[in-house]
Every structure is written in structure tokens, then in C-alpha cells.
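Enquirer: Below is the file coords_18.cif, which contains mmCIF, C-alpha atoms and all ligand atoms.
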data_my_file
loop_
_atom_site.label_atom_id
_atom_site.label_comp_id
_atom_site.auth_asym_id
_atom_site.auth_seq_id
_atom_site.Cartn_x
_atom_site.Cartn_y
_atom_site.Cartn_z
CA MET A 18 0.00 0.00 0.00
CA LEU A 19 1.33 3.41 -1.02
CA LYS A 20 0.83 6.09 1.62
CA VAL A 21 0.46 9.61 0.20
CA ILE A 22 -0.05 12.88 2.07
CA CYS A 23 -1.76 15.50 -0.12
CA VAL A 24 -1.29 19.08 1.06
CA CYS A 25 -3.53 22.07 0.40
CA GLY A 26 -3.73 25.47 2.09
CA ALA A 27 -4.94 28.38 -0.02
CA ARG A 28 -7.91 28.92 -2.39
CA PRO A 29 -6.28 27.86 -5.67
CA ASN A 30 -4.97 24.67 -4.02
CA PHE A 31 -8.46 23.32 -3.44
CA MET A 32 -9.38 23.13 -7.14
CA LYS A 33 -6.05 21.39 -7.79
CA ILE A 34 -6.17 18.89 -4.95
CA ALA A 35 -9.84 17.88 -5.53
CA PRO A 36 -9.31 15.61 -8.58
CA LEU A 37 -6.08 14.17 -7.13
CA VAL A 38 -7.72 13.11 -3.87
CA ASP A 39 -10.69 11.79 -5.83
CA VAL A 40 -8.54 9.54 -8.05
CA MET A 41 -6.37 8.44 -5.12
CA ARG A 42 -9.37 7.46 -3.01
CA ARG A 43 -10.57 5.31 -5.92
CA THR A 44 -7.16 3.63 -6.31
CA SER A 45 -7.06 0.57 -4.06
CA SER A 46 -3.26 0.53 -3.78
CA ILE A 47 -3.14 4.08 -2.33
CA GLN A 48 -3.91 5.37 1.12
CA ALA A 49 -4.43 9.14 0.77
CA ILE A 50 -4.22 11.47 3.76
CA LEU A 51 -5.37 15.07 3.29
CA VAL A 52 -3.63 17.87 5.20
CA HIS A 53 -4.97 21.45 5.15
CA THR A 54 -2.37 23.96 6.35
CA GLY A 55 -5.00 26.56 7.22
CA GLN A 56 -3.25 29.32 5.22
CA HIS A 57 -6.72 30.37 4.02
CA TYR A 58 -9.48 29.95 6.57
CA ASP A 59 -12.49 32.20 5.79
CA GLU A 60 -15.58 30.19 4.87
CA ARG A 61 -15.52 31.77 1.39
CA MET A 62 -11.78 31.21 0.88
CA SER A 63 -11.67 27.61 2.07
CA ARG A 64 -14.55 25.59 3.47
CA SER A 65 -17.06 26.38 0.73
CA PHE A 66 -14.82 24.64 -1.83
CA PHE A 67 -14.73 21.40 0.12
CA GLY A 68 -18.50 21.03 -0.06
CA GLU A 69 -18.85 22.17 -3.67
CA LEU A 70 -15.96 20.14 -5.06
CA GLY A 71 -16.62 17.03 -2.97
CA ILE A 72 -13.24 17.20 -1.25
CA PRO A 73 -13.28 15.02 1.88
CA GLU A 74 -12.85 16.64 5.27
CA PRO A 75 -9.09 17.12 5.84
CA ASP A 76 -7.57 14.46 8.11
CA VAL A 77 -5.44 17.19 9.71
CA ASN A 78 -5.75 20.99 9.79
CA LEU A 79 -2.55 22.76 10.80
CA GLU A 80 -4.44 26.05 11.34
CA VAL A 81 -1.48 28.31 10.59
CA GLY A 82 -3.60 31.32 9.54
CA SER A 83 -2.22 34.63 8.30
CA CYS A 84 1.22 35.98 9.22
CA SER A 85 4.40 37.21 7.56
CA HIS A 86 6.01 35.03 4.90
CA ALA A 87 8.72 33.77 7.24
CA VAL A 88 6.34 33.02 10.12
CA GLN A 89 3.71 31.39 7.89
CA THR A 90 6.29 29.19 6.16
CA ALA A 91 7.94 28.29 9.45
CA GLU A 92 4.63 27.51 11.18
CA VAL A 93 3.58 25.14 8.38
CA MET A 94 6.94 23.39 8.70
CA LYS A 95 6.77 23.14 12.50
CA ARG A 96 3.24 21.79 12.45
CA PHE A 97 3.64 19.52 9.41
CA GLU A 98 6.78 17.77 10.65
CA PRO A 99 5.03 15.77 13.42
CA VAL A 100 2.35 14.71 10.94
CA CYS A 101 5.03 13.37 8.58
CA LEU A 102 6.83 11.64 11.45
CA LYS A 103 3.62 9.99 12.63
CA GLU A 104 2.40 8.92 9.20
CA ARG A 105 5.74 8.21 7.50
CA PRO A 106 4.23 8.55 4.01
CA ASP A 107 5.91 7.30 0.83
CA TRP A 108 5.08 10.58 -0.90
CA VAL A 109 4.06 14.12 -0.04
CA VAL A 110 2.14 15.72 -2.91
CA VAL A 111 2.10 19.53 -3.08
CA VAL A 112 0.29 21.71 -5.62
CA GLY A 113 0.83 25.21 -7.00
CA ASP A 114 3.09 27.94 -5.66
CA VAL A 115 1.83 29.28 -2.35
CA ASN A 116 3.80 29.44 0.91
CA SER A 117 2.17 26.20 2.08
CA THR A 118 3.49 24.45 -1.05
CA LEU A 119 7.11 25.28 -0.34
CA ALA A 120 6.84 24.76 3.43
CA ALA A 121 5.35 21.27 3.11
CA ALA A 122 7.82 20.27 0.37
CA LEU A 123 10.80 21.42 2.43
CA THR A 124 9.57 19.63 5.55
CA ALA A 125 9.16 16.37 3.66
CA CYS A 126 12.46 16.68 1.80
CA LYS A 127 14.38 17.20 5.07
CA LEU A 128 12.80 14.04 6.48
CA GLY A 129 13.84 12.03 3.43
CA ILE A 130 10.24 11.72 2.21
CA GLN A 131 9.75 11.94 -1.56
CA VAL A 132 8.00 15.04 -2.87
CA ALA A 133 5.79 15.28 -5.94
CA HIS A 134 5.06 18.81 -7.19
CA VAL A 135 1.92 19.31 -9.24
CA GLU A 136 2.10 22.40 -11.50
CA ALA A 137 5.90 22.37 -11.60
CA GLY A 138 8.13 24.35 -13.94
CA LEU A 139 6.07 27.53 -14.38
CA ARG A 140 8.27 30.62 -14.34
CA SER A 141 7.45 34.33 -14.50
CA PHE A 142 11.19 35.13 -14.22
CA ASP A 143 10.20 37.78 -11.70
CA ARG A 144 11.75 37.06 -8.33
CA THR A 145 9.85 39.95 -6.71
CA MET A 146 6.77 37.69 -6.90
CA PRO A 147 6.63 35.58 -3.74
CA GLU A 148 5.18 32.73 -5.80
CA GLU A 149 8.21 32.66 -8.14
CA VAL A 150 10.52 32.01 -5.20
CA ASN A 151 8.18 29.26 -4.00
CA ARG A 152 8.13 27.67 -7.48
CA VAL A 153 11.88 27.66 -8.00
CA LEU A 154 12.62 26.27 -4.53
CA THR A 155 9.86 23.65 -4.54
CA ASP A 156 10.95 22.35 -7.94
CA ALA A 157 14.58 22.17 -6.80
CA ILE A 158 13.71 19.69 -4.02
CA SER A 159 10.96 17.67 -5.74
CA ASP A 160 11.44 14.08 -6.87
CA LEU A 161 8.60 14.06 -9.39
CA LEU A 162 7.62 17.21 -11.27
CA PHE A 163 4.21 17.23 -12.94
CA VAL A 164 3.96 19.96 -15.55
CA THR A 165 0.94 21.63 -17.17
CA GLU A 166 2.47 23.12 -20.34
CA PRO A 167 5.60 22.68 -22.50
CA SER A 168 7.24 25.91 -21.23
CA GLY A 169 7.45 24.22 -17.82
CA VAL A 170 9.40 21.30 -19.26
CA ASP A 171 11.84 23.70 -20.98
CA ASN A 172 12.31 25.71 -17.78
CA LEU A 173 13.04 22.64 -15.67
CA ARG A 174 15.48 21.19 -18.22
CA ARG A 175 17.27 24.54 -18.36
CA GLU A 176 17.57 24.45 -14.57
CA GLY A 177 19.21 21.03 -14.80
CA VAL A 178 16.34 18.84 -13.56
CA ALA A 179 16.77 15.24 -14.74
CA SER A 180 14.41 14.39 -17.61
CA GLU A 181 13.07 11.26 -15.91
CA LYS A 182 11.66 13.37 -13.07
CA ILE A 183 9.66 15.63 -15.43
CA HIS A 184 6.19 14.57 -16.59
CA LEU A 185 4.00 16.70 -18.85
CA VAL A 186 0.56 15.60 -17.67
CA GLY A 187 -1.89 18.45 -18.25
CA ASN A 188 -3.73 20.62 -15.79
CA VAL A 189 -5.57 19.44 -12.68
CA MET A 190 -7.32 22.83 -12.35
CA ILE A 191 -8.86 22.16 -15.75
CA ASP A 192 -9.89 18.65 -14.60
CA THR A 193 -11.98 20.42 -11.97
CA LEU A 194 -13.38 22.96 -14.43
CA LEU A 195 -14.50 20.31 -16.91
CA ARG A 196 -15.97 18.18 -14.17
CA ASN A 197 -18.06 21.05 -12.78
CA ARG A 198 -18.98 23.04 -15.86
CA ALA A 199 -22.47 21.62 -16.35
CA GLN A 200 -23.29 21.94 -12.65
CA ALA A 201 -22.06 25.56 -12.66
CA GLU A 202 -24.55 26.41 -15.42
CA LYS A 203 -27.32 25.88 -12.84
CA SER A 204 -26.00 28.73 -10.67
CA SER A 205 -28.33 31.70 -10.33
CA ILE A 206 -25.47 34.20 -9.98
CA LEU A 207 -26.33 36.24 -13.10
CA ARG A 208 -29.90 36.69 -11.91
CA ASP A 209 -28.76 37.40 -8.34
CA LEU A 210 -26.40 40.16 -9.53
CA GLU A 211 -28.84 41.35 -12.23
CA LEU A 212 -26.27 40.84 -14.99
CA GLN A 213 -26.95 40.07 -18.63
CA ASP A 214 -25.17 37.36 -20.57
CA GLN A 215 -22.06 38.82 -22.32
CA HIS A 216 -22.74 42.34 -21.06
CA TYR A 217 -20.52 42.63 -18.03
CA ALA A 218 -16.90 42.33 -16.97
CA VAL A 219 -15.46 40.26 -14.11
CA VAL A 220 -12.47 41.36 -12.03
CA THR A 221 -10.24 39.57 -9.54
CA LEU A 222 -7.15 41.10 -7.96
CA HIS A 223 -4.88 40.02 -5.15
CA ARG A 224 -1.20 40.27 -6.15
CA PRO A 225 0.70 42.34 -3.55
CA SER A 226 2.28 44.38 -6.40
CA ASN A 227 -1.23 45.42 -7.53
CA VAL A 228 -3.13 45.89 -4.29
CA ASP A 229 -0.67 46.71 -1.51
CA GLU A 230 0.04 50.32 -2.48
CA THR A 231 -2.16 53.33 -3.24
CA GLU A 232 -0.47 54.15 -6.52
CA SER A 233 -0.84 50.71 -8.12
CA PHE A 234 -4.26 49.85 -6.69
CA GLY A 235 -5.56 53.37 -7.36
CA GLY A 236 -4.38 53.26 -11.00
CA ILE A 237 -6.10 49.94 -11.61
CA LEU A 238 -9.31 51.15 -9.93
CA LYS A 239 -9.30 54.20 -12.19
CA ALA A 240 -9.30 51.93 -15.25
CA LEU A 241 -12.06 49.78 -13.75
CA GLU A 242 -14.19 52.86 -13.03
CA THR A 243 -13.88 53.90 -16.68
CA ILE A 244 -14.80 50.40 -17.88
CA SER A 245 -17.77 50.36 -15.49
CA ARG A 246 -19.26 53.29 -17.41
CA ASP A 247 -19.30 51.01 -20.46
CA MET A 248 -20.60 47.84 -18.77
CA PRO A 249 -21.19 46.63 -15.20
CA VAL A 250 -18.07 45.25 -13.53
CA ALA A 251 -18.49 42.43 -10.99
CA PHE A 252 -15.56 42.36 -8.58
CA PRO A 253 -15.56 39.50 -6.05
CA ILE A 254 -12.90 40.89 -3.81
CA HIS A 255 -10.11 38.86 -2.19
CA PRO A 256 -9.68 39.53 1.57
CA ARG A 257 -6.17 40.96 1.04
CA SER A 258 -7.56 43.50 -1.44
CA ARG A 259 -10.63 44.28 0.69
CA LYS A 260 -8.38 45.01 3.66
CA ASN A 261 -6.07 47.21 1.59
CA LEU A 262 -8.92 49.07 -0.09
CA GLU A 263 -9.98 50.21 3.35
CA ALA A 264 -6.47 50.77 4.76
CA LEU A 265 -5.42 52.84 1.73
CA GLY A 266 -8.60 54.94 1.87
CA LEU A 267 -9.82 53.82 -1.56
CA SER A 268 -13.23 52.42 -0.52
CA ARG A 269 -15.12 55.70 -0.97
CA ARG A 270 -14.01 55.97 -4.57
CA VAL A 271 -15.38 52.54 -5.33
CA GLU A 272 -18.66 53.23 -3.52
CA GLN A 273 -19.16 56.36 -5.64
CA SER A 274 -18.66 54.47 -8.89
CA GLY A 275 -22.07 53.04 -9.72
CA GLY A 276 -21.02 50.31 -12.16
CA LEU A 277 -18.18 48.80 -10.14
CA ARG A 278 -19.79 46.20 -7.90
CA LEU A 279 -17.72 44.87 -5.05
CA ILE A 280 -18.98 41.55 -3.78
CA GLU A 281 -17.70 38.90 -1.40
CA PRO A 282 -15.46 36.14 -2.85
CA LEU A 283 -17.71 33.69 -4.67
CA GLY A 284 -18.05 29.94 -4.42
CA TYR A 285 -16.47 27.93 -7.23
CA LEU A 286 -19.65 27.17 -9.18
CA ASP A 287 -20.97 30.74 -9.03
CA PHE A 288 -17.60 32.12 -10.10
CA LEU A 289 -17.28 29.64 -12.95
CA LYS A 290 -20.70 30.64 -14.29
CA LEU A 291 -19.87 34.33 -13.84
CA MET A 292 -16.65 33.97 -15.87
CA ALA A 293 -18.22 31.77 -18.54
CA HIS A 294 -20.94 34.31 -19.42
CA SER A 295 -18.89 37.49 -19.14
CA ALA A 296 -17.73 39.71 -22.01
CA VAL A 297 -14.24 40.01 -20.54
CA VAL A 298 -12.31 39.03 -17.43
CA LEU A 299 -9.65 41.31 -15.92
CA THR A 300 -7.41 39.54 -13.42
CA ASP A 301 -4.03 39.03 -11.85
CA SER A 302 -4.85 35.44 -10.86
CA GLY A 303 -2.81 32.56 -12.22
CA GLY A 304 -5.65 30.06 -12.28
CA VAL A 305 -8.15 32.42 -13.91
CA GLN A 306 -5.82 32.91 -16.93
CA GLU A 307 -6.00 29.15 -17.49
CA GLU A 308 -9.73 28.79 -16.86
CA THR A 309 -10.63 31.59 -19.32
CA THR A 310 -8.43 29.85 -21.90
CA ILE A 311 -10.69 26.81 -21.74
CA LEU A 312 -13.91 28.82 -21.43
CA GLY A 313 -12.96 30.90 -24.51
CA VAL A 314 -13.55 34.16 -22.66
CA PRO A 315 -11.21 37.12 -23.34
CA CYS A 316 -8.86 37.60 -20.41
CA LEU A 317 -6.82 40.72 -19.69
CA THR A 318 -4.06 39.90 -17.26
CA LEU A 319 -3.19 42.92 -15.16
CA ARG A 320 0.49 42.10 -14.93
CA ASN A 321 3.60 42.60 -17.05
CA ASN A 322 4.44 38.91 -17.24
CA THR A 323 2.87 35.50 -16.92
CA GLU A 324 4.27 32.14 -15.85
CA ARG A 325 1.58 30.57 -18.07
CA PRO A 326 2.65 31.60 -21.61
CA ILE A 327 0.47 28.97 -23.28
CA THR A 328 -2.58 31.04 -22.28
CA LEU A 329 -1.18 33.83 -24.50
CA THR A 330 -0.27 31.67 -27.50
CA GLN A 331 -3.17 29.23 -27.51
CA GLY A 332 -5.75 30.83 -25.30
CA THR A 333 -7.62 34.03 -24.90
CA ASN A 334 -5.21 35.78 -22.56
CA ARG A 335 -3.30 38.99 -23.17
CA LEU A 336 -0.99 40.95 -20.90
CA ALA A 337 -2.49 44.38 -20.23
CA GLY A 338 0.10 45.63 -17.73
CA THR A 339 -0.98 47.57 -14.68
CA SER A 340 -1.15 51.22 -15.79
CA THR A 341 -4.56 52.87 -16.21
CA GLU A 342 -3.83 53.65 -19.88
CA GLY A 343 -2.47 50.18 -20.64
CA ILE A 344 -5.52 48.46 -19.16
CA LEU A 345 -7.93 50.71 -21.02
CA ALA A 346 -6.08 50.27 -24.33
CA ALA A 347 -6.22 46.49 -23.93
CA TYR A 348 -9.89 46.65 -22.98
CA HIS A 349 -10.79 48.68 -26.09
CA ALA A 350 -8.72 46.36 -28.31
CA VAL A 351 -10.54 43.31 -26.96
CA ARG A 352 -13.93 44.95 -27.41
CA GLN A 353 -13.17 45.89 -31.02
CA GLN A 354 -11.52 42.70 -32.29
CA PRO A 355 -13.51 39.50 -32.11
CA MET A 356 -11.41 36.71 -30.70
CA GLY A 357 -9.77 34.14 -32.94
CA ALA A 358 -10.25 30.41 -32.54
CA VAL A 359 -9.14 28.95 -29.22
CA HIS A 360 -6.96 25.83 -29.21
CA PRO A 361 -7.16 24.06 -25.85
CA PRO A 362 -3.62 23.16 -24.80
CA ASP A 363 -2.65 19.51 -25.21
CA LEU A 364 -3.60 17.32 -22.26
CA TRP A 365 -5.94 19.92 -20.72
CA ASP A 366 -8.58 17.26 -21.17
CA GLY A 367 -9.89 16.44 -17.71
CA HIS A 368 -7.51 13.52 -17.08
CA ALA A 369 -4.40 15.13 -15.58
CA ALA A 370 -5.07 13.66 -12.12
CA ASP A 371 -5.38 10.14 -13.59
CA ARG A 372 -1.98 10.54 -15.26
CA ILE A 373 -0.37 11.89 -12.09
CA VAL A 374 -1.66 9.08 -9.89
CA ALA A 375 -0.68 6.44 -12.47
CA SER A 376 2.78 7.95 -12.62
CA LEU A 377 3.16 7.97 -8.81
CA VAL A 378 2.15 4.30 -8.66
CA ALA A 379 4.46 3.33 -11.55
CA SER A 380 7.39 5.20 -10.04
CA SER A 381 6.87 3.48 -6.68
CA HIS A 382 6.69 0.06 -8.38
CA MET A 383 9.97 0.77 -10.13
CA GLN A 384 11.60 1.76 -6.85
CA GLN A 385 10.29 -1.39 -5.18
CA SER A 386 11.64 -3.63 -7.96
CA ALA A 387 15.01 -1.86 -7.84
CA LYS A 388 15.17 -2.51 -4.05
CA GLU A 389 14.34 -6.20 -4.50
CA GLU A 390 17.03 -6.74 -7.13
C1 LIG B 1 -1.96 33.63 -1.30
C2 LIG B 1 -0.73 33.14 -2.07
C3 LIG B 1 -0.87 33.53 -3.53
C4 LIG B 1 -2.18 33.03 -4.12
C5 LIG B 1 -3.34 33.51 -3.26
C6 LIG B 1 -4.60 32.90 -3.77
C7 LIG B 1 1.45 33.10 -0.91
C8 LIG B 1 2.72 33.82 -0.73
N1 LIG B 1 0.48 33.78 -1.58
O1 LIG B 1 -1.96 35.05 -1.36
O2 LIG B 1 0.20 32.93 -4.27
O3 LIG B 1 -2.31 33.48 -5.44
O4 LIG B 1 -3.14 33.11 -1.89
O5 LIG B 1 -5.75 33.48 -3.25
O6 LIG B 1 1.30 31.99 -0.48
N2 LIG B 1 -6.98 36.66 4.53
C9 LIG B 1 -8.21 36.60 5.13
N3 LIG B 1 -8.86 35.41 5.13
C10 LIG B 1 -8.34 34.29 4.59
C11 LIG B 1 -7.08 34.36 4.00
C12 LIG B 1 -6.40 35.56 3.97
O7 LIG B 1 -8.71 37.59 5.64
O8 LIG B 1 -9.00 33.22 4.63
C13 LIG B 1 -6.28 37.98 4.50
C14 LIG B 1 -5.37 38.21 5.69
O9 LIG B 1 -5.44 39.54 6.02
C15 LIG B 1 -3.99 37.90 5.13
C16 LIG B 1 -4.13 38.33 3.66
O10 LIG B 1 -5.47 38.04 3.31
O11 LIG B 1 -2.97 38.59 5.80
C17 LIG B 1 -3.18 37.59 2.73
O12 LIG B 1 -3.30 36.18 2.87
P1 LIG B 1 -2.05 35.23 2.45
O13 LIG B 1 -2.48 33.82 2.49
O14 LIG B 1 -0.84 35.60 3.25
O15 LIG B 1 -1.73 35.67 0.99
P2 LIG B 1 -2.71 35.89 -0.24
O16 LIG B 1 -2.62 37.29 -0.67
O17 LIG B 1 -4.04 35.30 0.08
N1 LIG B 2 -12.23 31.72 -7.64
C1 LIG B 2 -13.42 31.47 -6.95
N2 LIG B 2 -14.12 32.52 -6.44
C2 LIG B 2 -13.72 33.81 -6.60
C3 LIG B 2 -12.49 34.06 -7.30
C4 LIG B 2 -11.77 32.99 -7.79
O1 LIG B 2 -13.83 30.31 -6.82
O2 LIG B 2 -14.41 34.72 -6.12
C5 LIG B 2 -11.45 30.57 -8.16
C6 LIG B 2 -11.05 30.62 -9.61
O3 LIG B 2 -12.07 30.15 -10.46
C7 LIG B 2 -9.84 29.70 -9.61
C8 LIG B 2 -9.19 29.99 -8.27
O4 LIG B 2 -10.22 30.57 -7.47
O5 LIG B 2 -10.25 28.34 -9.67
C9 LIG B 2 -8.04 30.92 -8.42
O6 LIG B 2 -7.58 31.29 -7.17
P1 LIG B 2 -6.81 32.66 -6.88
O7 LIG B 2 -7.07 33.62 -7.96
O8 LIG B 2 -7.12 33.02 -5.49
O9 LIG B 2 -5.27 32.20 -6.89
P2 LIG B 2 -4.16 32.08 -8.03
O10 LIG B 2 -4.68 31.20 -9.11
O11 LIG B 2 -3.82 33.45 -8.48
O12 LIG B 2 -2.99 31.48 -7.31
#
Would you encode the structure as C-alpha cells?

Expert:
Amino acid sequence: MLKVICVCGARPNFMKIAPLVDVMRRTSSIQAILVHTGQHYDERMSRSFFGELGIPEPDVNLEVGSCSHAVQTAEVMKRFEPVCLKERPDWVVVVGDVNSTLAAALTACKLGIQVAHVEAGLRSFDRTMPEEVNRVLTDAISDLLFVTEPSGVDNLRREGVASEKIHLVGNVMIDTLLRNRAQAEKSSILRDLELQDQHYAVVTLHRPSNVDETESFGGILKALETISRDMPVAFPIHPRSRKNLEALGLSRRVEQSGGLRLIEPLGYLDFLKLMAHSAVVLTDSGGVQEETTILGVPCLTLRNNTERPITLTQGTNRLAGTSTEGILAAYHAVRQQPMGAVHPPDLWDGHAADRIVASLVASSHMQQSAKEE
């Protein structure tokens, strides 16, 4: 029996871990243990996804909560180590690029437990992004690296990772999207928000570089206010951005702008429906760039780079930068030019988790046979 600890902690981890845990629980040779680090803890940032996506109750919650990068990373490590010592798993599986990802990988690696990284190899080449540091470090200590797009394979090879560790398997976040798309259509979110199909924009923002300072956040809000005079803008706001909006004294401006509608973070199904029927999505989220690629909805990424270049070449994504003028120019361009055909990236077919689990099992069999020889 193969013992695997799957780790999740922040919102985008839940969509990624859901199909993995599902396939593992249906694989008789695997015992899967689910650990939630507690990095995200609000009902709307964590618990709601467990119910909606059918993720089982975590076996352990480390309850680390919010703190500085160093403290959060250290707390996950301190609290995860006894779990690893008690369970002695064959593998620790981590997903994505949040602090919990790196902390759990490092804890396991130091205990001599093998680490599998799902969504390995993505690079923005911008070390000021906390996620980029997490990606580079997690990949450096992982034993199996599961990659979503060819750029990830190139990046890992360039960094000297052995080819046999790298597996291009597709995208577990897209497994979840495809699995839930029909169900999401039943959501009443458009009616609830009084929005008309194709006649509104959706915004999400949470990158520190966009929302932690008045100048950057204010500049983006100015663009959104202008867009909101053209069409309603639904903005389910991340708790980091909500807090900063108030701390930076920007809330009044938003309240005065009639078309810019701040709402609480949405559940997965409501948000999927909201994206799918929108005219355009403006975001700095990693996952949303990929989801809009599959939904065929124009996406303006409010950043100067992306670690997911396939969404630019094969999807509907374009980099709009973060200046007011840049965002508005990109918005007008998207409104004027109908989008070309979308080519879903190879292997973004709903079966990435099956490939990952099969690969984990095969790799463990190979290790077992090598030991017996
Ligand atoms: C984290 C990840 C980021 C990911 C994002 C997804 C890191 C370094 N960052 O950013 O890569 O894209 O999650 O959403 O791991 N807060 C709440 N309730 C919660 C969670 C957070 O109020 O349930 C507030 C707290 O004030 C906290 C702040 O949001 O200080 C930031 O939370 P944190 O997890 O540190 O980083 P995120 O910005 O959420
Ligand atoms: N999402 C959601 N509700 C929202 C906003 C986003 O369910 O109000 C989902 C979105 O569809 C995607 C994931 O959250 O599956 C992306 O997470 P986030 O943007 O927080 O993190 P990132 O992908 O940038 O790391």
C-alpha cells in the first residue's frame, strides 16, 4: 500500500487537490491522507470549496492562519513535521506555488520523504513575486515534477532537472473545471447580480504588487471605473484587497462608482458561471488565466508577465500591464476585435489527475523492484 499525504492550504490549491484526492481514493493501492495547512481559513476562501468540489474533510488541519512570509512558512513546517513523522508517508504531494506548497515540500524533503510537485516548472522570471521564489525552490527539491504546459518542461530542463523526473501531464485545475462546468450552469449568480449574458466584466485582484500600495491599486481602480461606465463590472474581492482598499482609503471611490460592484469572494460554481458568461475578465490570478483559456472568454491579465505563456499563445489571454492607460487600451482592443479560434492546450482534457496518480504508482513500483534486485 502506497501512503500519500496531499497538502492544500490556499484557495487555488483546493481546485487542484480535488481531482487528485478523488482519483487516489478510488485507487485501491493508495492510502491518501489530506492535510490542510489553514493558510486560508475564511468560509468563502476555504470551506465552501470542500463542499462544492466534494473534497473530503481534511484528516489534519494545521491552522497556521495569516502571518508574515517567514512566520507562515515556518509555522507550516513546524506543524507539518510531526504529521510526517507519525504517518511516514511514501510521498508528499504539493500543488501550486503558495507558501504552504514550499513549506510542506521542504519539511518532507528534510525528512527524506519523496516530494511530488503538481504544477511544476512555471516561471514568470520575476523574483519579486513571492510565488516565483516558491516555485523555483519547490521544484529544486521535488522528486517528481508534474507539468501543465511545454514551457514548464523547458524551464526545468534549463535548470538542470533530470528528464526522468519531469512529466508533462496536463492541468488538474482544468480537470476540476471540466468536471463542474455543467453543474455551474445551474448557478443563479447572473440573476442574483442582475447581470446580462455577455454584457458585463469580471475582475479579480490580489497580487501584492497590484493591491498593496495606493499608486498601483488606485491606478487599476481608475481603469475599472472607466470600464464600469461602459458595462457593469463584478468584482468579487479577495480579503487581502478588501483590507487594503480600506487601509489605503480607496473604498469611498469605489462606492461612488455606480457600475463597479464589489462583492464577497464567490463559491467555485458561481464564479465559474460568472466567468463563462462574461464579455471580458480582468485579473491578476494565475488560475483564472487558465480557466478563461478553456472557457474561450477574453482575459486581460493585469500584470507585465505570466508564468503561463500557453494562455497567451493558444488561449484568450493577453498581458495588459498595470497602468490605467495600458488596461484601457487592452480593454478597447478586446472589445473591437472578435477573438480568434481557441486551441485548448494539449492534455488539458480532464484527465491530468489520472496521469499523475498512475505515474506515482508506476514510479513506486519501479523503486520497489530496484530494491528487490
Ligand atoms: C496567497 C498566495 C498567492 C495566491 C493567493 C490565492 C502566498 C505567498 N500567496 O496570497 O500565491 O495566489 O493566496 O488566493 O502563499 N486573509 C483573510 N482570510 C483568509 C485568507 C487571507 O482575511 O481566509 C487575508 C489576511 O489579512 C492575510 C491576507 O489576506 O494577511 C493575505 O493572505 P495570504 O495567504 O498571506 O496571501 P494571499 O494574498 O491570500
Ligand atoms: N475563484 C473562486 N471565487 C472567486 C475568485 C476565484 O472560486 O471569487 C477561483 C477561480 O475560479 C480559480 C481559483 O479561485 O479556480 C483561483 O484562485 P486565486 O485567484 O485566489 O489564486 P491564483 O490562481 O492566483 O494562485

Enquirer: I'd like the neighbourhood of region 343-352 of chain A as an NGL selection string, where a residue qualifies if any of its atoms comes within 9 Å (using all atoms listed in the file), though same-chain residues fewer than 3 positions away should be ignored.

Expert: :A and (237 or 240-241 or 243-244 or 296-297 or 299 or 315-319 or 335-340 or 355-356)

Enquirer: Can you measure CA of Ala369 (chain A) to CA of Asp192 (chain A) for me? One decimal in Å is fine.

Expert: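 These two atoms are separated by 6.6 Å.
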
Enquirer: At a cut-off of 6 Å and counting only C-alpha atoms and all ligand atoms, what residues surround ligand LIG 2 (chain B)? Please answer as a PyMOL selection string.

Expert: chain A and resi 28-29+32+253+282-285+288-289+302-305

Enquirer: For a quick check of understanding, using all atoms listed in the file, which of A:Pro36, A:Gly313, A:Pro106, A:Gly275 has the smallest distance to Ala358 (chain A)?

Expert: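 Using all atoms listed in the file, the shortest distance to Ala358 (chain A) belongs to A:Gly313.
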
Enquirer: Leaving out Tyr58 (chain A) and any residue of its chain fewer than 2 positions from it, which residues lie within 12 Å of it when counting all atoms listed in the file, given as a PyMOL selection string?

Expert: chain A and resi 25-28+53-56+60-67+78-83+256
